[in-house]
There are 2 protein chains.
Amino acid sequence: MINLSYRKKVVDSWFSYLQNLICKEFESLEGKKKFLKREWYKKDRKEGGGVSYLLTEGNVFEKVGVNKSTVSGKFKKEFRSKILGAQKDGKYWASGVSVVAHMKNPKIPALHFNTRYIVTTKEWFGGGMDATPSINDTKEKELIQKLLKKVCLNNKKNYKKYKLWCDKYFYLPHRKEIRGIGGIFFDYEKENWVKNFKFVREVGFTFIDISKKVIERKKKVKWTKKDKEKQLLKRGRYVEFNLLYDRGTKFGLNSGGNTESILMSLPPLARWK
Amino acid sequence: MINLSYRKKVVDSWFSYLQNLICKEFESLEGKKKFLKREWYKKDRKEGGGVSYLLTEGNVFEKVGVNKSTVSGKFKKEFRSKILGAQKDGKYWASGVSVVAHMKNPKIPALHFNTRYIVTTKEWFGGGMDATPSINDTKEKELIQKLLKKVCLNNKKNYKKYKLWCDKYFYLPHRKEIRGIGGIFFDYEKENWVKNFKFVREVGFTFIDISKKVIERKKKVKWTKKDKEKQLLKRGRYVEFNLLYDRGTKFGLNSGGNTESILMSLPPLARWK
């Protein structure tokens with residue numbers, strides 16, 4: 001039999017480490033501002049909680065949230081049929097890190113990253129990362145895709161499948177638009193725990209690597225008011241996706257998660273025409 | 001037997017008249033900018049369509065949309081159980097006017113109004129109006145409530161019930177906050193068609209009356225950058241409500257409505273901390 005409590009402990013501790021690493025790397029990219037830490041608890045600590053790091057009004061980051069949470073509980077009945085392995089009694093345990101970075105410079109794309117480990121009567125890893133530029137940049141797109149391809153190849157994962165999954169997931173049907181330029185998205189990775197966990201760790205490192213490269217390429221590139229307007233409109237679409245369709249947001253709000261942390265993904269400022 | 005085709009014609013024509021009246025009154029309040037008209041059709045005019053009026057970057061209105069649509073069709077199967085009288089074959093006919101006004105001056109509340117007539121195997125009127133200030137103003141609240149009370153009383157409608165309905169409807173559970181200061185909200189008004197239609201017409205006039213009074217009271221009142229920031233944050237909550245919970249938005253996006261018109265309710269600019 002698998003030792004689930006060992007797995008939970010190791011994964012939880014990895015996510016804490018990754019969160020701290022991302023914050024350190026982002027602060028060194030940022031230069032000006034530091035993250036503020038906030039802790040929250042679910043049902044008086046009886047069902048876990050989380051740690052949120054938020055940095056706003058920086059030189060690089062207009063707003064970036066780095067959240068880690070480890071929670072447990074029982075899904076409401078109407079929600080159980082939608083979660084793998086939760087049909088029977090609705091019990092779950094979940095741990096993960098998620099990051100959304102909205103940049104000051106509209107020439108740098110918004111970046112999103114998430115990895116998670118979920119245990120119901122089944123257990124699996126999921127997550128991914130993707131980029132949302134307001135202004136097209138073929139070289140940047142190729143750079144991101146090259147690094148995502150590499151981490152998949154190194155772990156014998158199907159990049160094409162994950163890329164397509166991402167394109168399908170981050171889609172706004174009412175606009176007939178893709179949210180950004182895609183990335184990778186995967187879920188229900190449950191066969192080989194050791195290998196999948198290694199993959200999830202490497203996707204974490206790849207996210208840091210991509211963020212550094214993408215930000216450093218353009219940190220000092222000049223931008224205009226018109227560029228900013230484009231970014232604000234793109235952010236409007238980002239809000240629409242997250243509130244209308246995102247499963248993570250729905251999952252969070254439906255499972256008694258911390259509203260402030262869940263909606264940390266929303267941009268600092270957004271425009272609608 | 002009731003003459004449904006007569007009712008549909010009369011109601012549709014009232015809504016067109018009301019839309020034009022609101023636009024005229026708003027333009028005269030505005031002074032600077034004019035509405036731009038846009039027409040759209042559902043399924044190549046086979047299932048109706050609508051007329052949208054949008055005014056942006058005005059002296060009074062930062063963004064105001066006045067939409068009228070008359071559409072028909074069949075609800076998707078998964079949606080039928082949620083609509084009164086649509087269980088059998090999902091057929092519907094619907095006509096209505098909706099208005100959302102986001103003000104330049106943060107001391108003037110955002111105003112929302114909607115009245116509609118829906119026909120399935122049942123037929124009924126619904127709608128209401130409500131205000132969302134970013135800064136509390138007791139006198140303004142009393143003024144709005146007085147006029148709404150009056151229109152209910154004149155039509156032998158239960159103001160308290162409609163007020164409570166509004167408070168319950170415009171509620172953000174994840175924030176434990178009411179969207180604004182409320183107003184009135186009613187639905188399934190189906191018993192006496194003639195009287196209900198009269199009530200709906202008078203709610204339309206009352207909305208114009210309230211808008212004029214509320215705007216003229218504060219049109220020239222000075223505001224600060226801090227007031228504007230409060231307004232932008234309040235607008236963030238407005239976006240959250242409309243995309244996460246609003247039935248009108250879901251109805252529209254689920255029934256093949258016009259995305260641009262449906263999301264005209266979203267503010268020109270919104271902030272999240």
# chains A, B, ... in the order shown; residues from 1 in each chain; ligands from 1
$ interface_residues --of "chain A" --to "chain B" --cutoff "9 Å" --atoms "only C-alpha atoms" --output "JSON, numbers by chain"
{"A": [56, 63, 174, 175, 232, 236, 239, 240, 243, 244, 253, 256, 258, 259, 260, 263, 264, 266, 267, 268, 269, 270, 271, 272, 273]}
$ residues_around --residues "Gly85 in chain B" --least-positions-apart "3" --cutoff "6 Å" --atoms "only C-alpha atoms" --output "list in words"
Thr120, Thr121 and Lys122 of chain B
$ write_last_selection --atoms "N, CA, C and O atoms" --output "short mmCIF file (atom, residue, chain, number, x, y, z; two decimals), in the first residue's frame"
data_model
loop_
_atom_site.label_atom_id
_atom_site.label_comp_id
_atom_site.auth_asym_id
_atom_site.auth_seq_id
_atom_site.Cartn_x
_atom_site.Cartn_y
_atom_site.Cartn_z
N THR B 120 -42.50 31.99 -22.00
CA THR B 120 -42.17 30.58 -22.28
C THR B 120 -43.55 29.90 -22.40
O THR B 120 -44.39 30.43 -23.12
N THR B 121 -43.80 28.79 -21.72
CA THR B 121 -45.19 28.34 -21.64
C THR B 121 -45.93 29.21 -20.62
O THR B 121 -47.14 29.21 -20.55
N LYS B 122 -45.13 29.94 -19.81
CA LYS B 122 -45.66 30.99 -18.93
C LYS B 122 -45.28 32.33 -19.54
O LYS B 122 -44.54 32.38 -20.53
#
$ select_by_dssp --residues "range 96-261 of chain A" --states "strand (DSSP E or B)" --output "ChimeraX atom specification"
/A:96-103,110-119,123-132,171-172,177-178,182-189
$ write_last_selection --atoms "C-alpha atoms" --output "PDB file, in the first residue's frame"
ATOM      1  CA  GLY A  96      -0.470  23.671  -4.201  1.00  0.00           C
ATOM      2  CA  VAL A  97       1.292  26.830  -5.216  1.00  0.00           C
ATOM      3  CA  SER A  98      -0.141  29.383  -7.594  1.00  0.00           C
ATOM      4  CA  VAL A  99       1.348  32.552  -8.972  1.00  0.00           C
ATOM      5  CA  VAL A 100      -0.081  35.375 -11.061  1.00  0.00           C
ATOM      6  CA  ALA A 101       2.184  38.268 -12.036  1.00  0.00           C
ATOM      7  CA  HIS A 102       0.818  41.441 -13.646  1.00  0.00           C
ATOM      8  CA  MET A 103       3.675  43.557 -14.960  1.00  0.00           C
ATOM      9  CA  ALA A 110       1.358  38.519 -17.468  1.00  0.00           C
ATOM     10  CA  LEU A 111       2.596  35.166 -16.151  1.00  0.00           C
ATOM     11  CA  HIS A 112       0.580  32.444 -14.489  1.00  0.00           C
ATOM     12  CA  PHE A 113       1.820  29.289 -12.799  1.00  0.00           C
ATOM     13  CA  ASN A 114       0.206  26.606 -10.708  1.00  0.00           C
ATOM     14  CA  THR A 115       1.136  23.142  -9.475  1.00  0.00           C
ATOM     15  CA  ARG A 116      -0.962  21.094  -7.108  1.00  0.00           C
ATOM     16  CA  TYR A 117      -1.416  17.685  -5.570  1.00  0.00           C
ATOM     17  CA  ILE A 118      -4.936  16.499  -4.846  1.00  0.00           C
ATOM     18  CA  VAL A 119      -6.071  13.491  -2.840  1.00  0.00           C
ATOM     19  CA  GLU A 123      -4.640  11.111  -5.938  1.00  0.00           C
ATOM     20  CA  TRP A 124      -2.931  13.090  -8.663  1.00  0.00           C
ATOM     21  CA  PHE A 125      -0.739  16.035  -9.658  1.00  0.00           C
ATOM     22  CA  GLY A 126      -1.850  18.849 -11.913  1.00  0.00           C
ATOM     23  CA  GLY A 127      -0.901  22.324 -12.985  1.00  0.00           C
ATOM     24  CA  GLY A 128       0.878  24.259 -15.679  1.00  0.00           C
ATOM     25  CA  MET A 129       1.993  27.683 -16.685  1.00  0.00           C
ATOM     26  CA  ASP A 130       1.034  30.159 -19.380  1.00  0.00           C
ATOM     27  CA  ALA A 131       1.742  33.677 -20.577  1.00  0.00           C
ATOM     28  CA  THR A 132      -0.617  36.519 -21.540  1.00  0.00           C
ATOM     29  CA  TYR A 171     -10.278  29.974 -23.953  1.00  0.00           C
ATOM     30  CA  LEU A 172     -13.052  32.580 -23.724  1.00  0.00           C
ATOM     31  CA  GLU A 177     -10.481  34.329 -28.045  1.00  0.00           C
ATOM     32  CA  ILE A 178      -7.609  32.500 -26.365  1.00  0.00           C
ATOM     33  CA  GLY A 182      -0.758  29.412 -24.070  1.00  0.00           C
ATOM     34  CA  GLY A 183       1.867  27.304 -22.323  1.00  0.00           C
ATOM     35  CA  ILE A 184       1.296  23.899 -20.779  1.00  0.00           C
ATOM     36  CA  PHE A 185      -1.542  22.508 -18.690  1.00  0.00           C
ATOM     37  CA  PHE A 186      -1.855  19.013 -17.235  1.00  0.00           C
ATOM     38  CA  ASP A 187      -4.083  17.240 -14.762  1.00  0.00           C
ATOM     39  CA  TYR A 188      -4.765  13.779 -13.320  1.00  0.00           C
ATOM     40  CA  GLU A 189      -1.077  12.795 -13.400  1.00  0.00           C
TER      41      GLU A 189
END
$ residues_around --residues "range 158-160 of chain A" --least-positions-apart "6" --cutoff "8 Å" --atoms "only C-alpha atoms" --output "list of chain:residue names"
A:Leu148, A:Lys149, A:Cys152, A:Ile184
$ write_last_selection --atoms "N, CA and C atoms" --output "PDB file, in the first residue's frame"
ATOM      1  N   LEU A 148       9.471  25.060 -22.175  1.00  0.00           N
ATOM      2  CA  LEU A 148       8.403  24.155 -21.745  1.00  0.00           C
ATOM      3  C   LEU A 148       8.523  22.793 -22.433  1.00  0.00           C
ATOM      4  N   LYS A 149       8.937  22.838 -23.695  1.00  0.00           N
ATOM      5  CA  LYS A 149       9.164  21.605 -24.447  1.00  0.00           C
ATOM      6  C   LYS A 149      10.245  20.780 -23.759  1.00  0.00           C
ATOM      7  N   CYS A 152       9.221  19.012 -20.526  1.00  0.00           N
ATOM      8  CA  CYS A 152       8.365  17.860 -20.831  1.00  0.00           C
ATOM      9  C   CYS A 152       9.208  16.695 -21.358  1.00  0.00           C
ATOM     10  N   ILE A 184       1.662  25.305 -20.978  1.00  0.00           N
ATOM     11  CA  ILE A 184       1.296  23.899 -20.779  1.00  0.00           C
ATOM     12  C   ILE A 184       0.281  23.793 -19.645  1.00  0.00           C
TER      13      ILE A 184
END
$ select_by_dssp --residues "range 27-124 of chain B" --states "helix (DSSP H, G or I)" --output "ChimeraX atom specification"
/B:27-30,77-80
$ atom_distance --atom1 "CA of Ile210 in chain A" --atom2 "CA of Leu55 in chain A"
19.2 Å
$ closest_residue --among "B:Lys220, B:Ser134, B:Ile144, B:Phe207" --to "Arg235 in chain B" --atoms "only C-alpha atoms"
B:Ser134
$ atom_distance --atom1 "CA of Leu21 in chain A" --atom2 "CA of Cys166 in chain A"
24.9 Å
$ residues_around --residues "Ser13 in chain A" --least-positions-apart "4" --cutoff "12 Å" --atoms "only C-alpha atoms" --output "ChimeraX atom specification"
/A:6-9,17-20,68-70,95-97,117,201
$ closest_residue --among "B:Lys104, B:Lys157, B:Gln231, B:Arg217" --to "Pro133 in chain B" --atoms "only C-alpha atoms"
B:Gln231
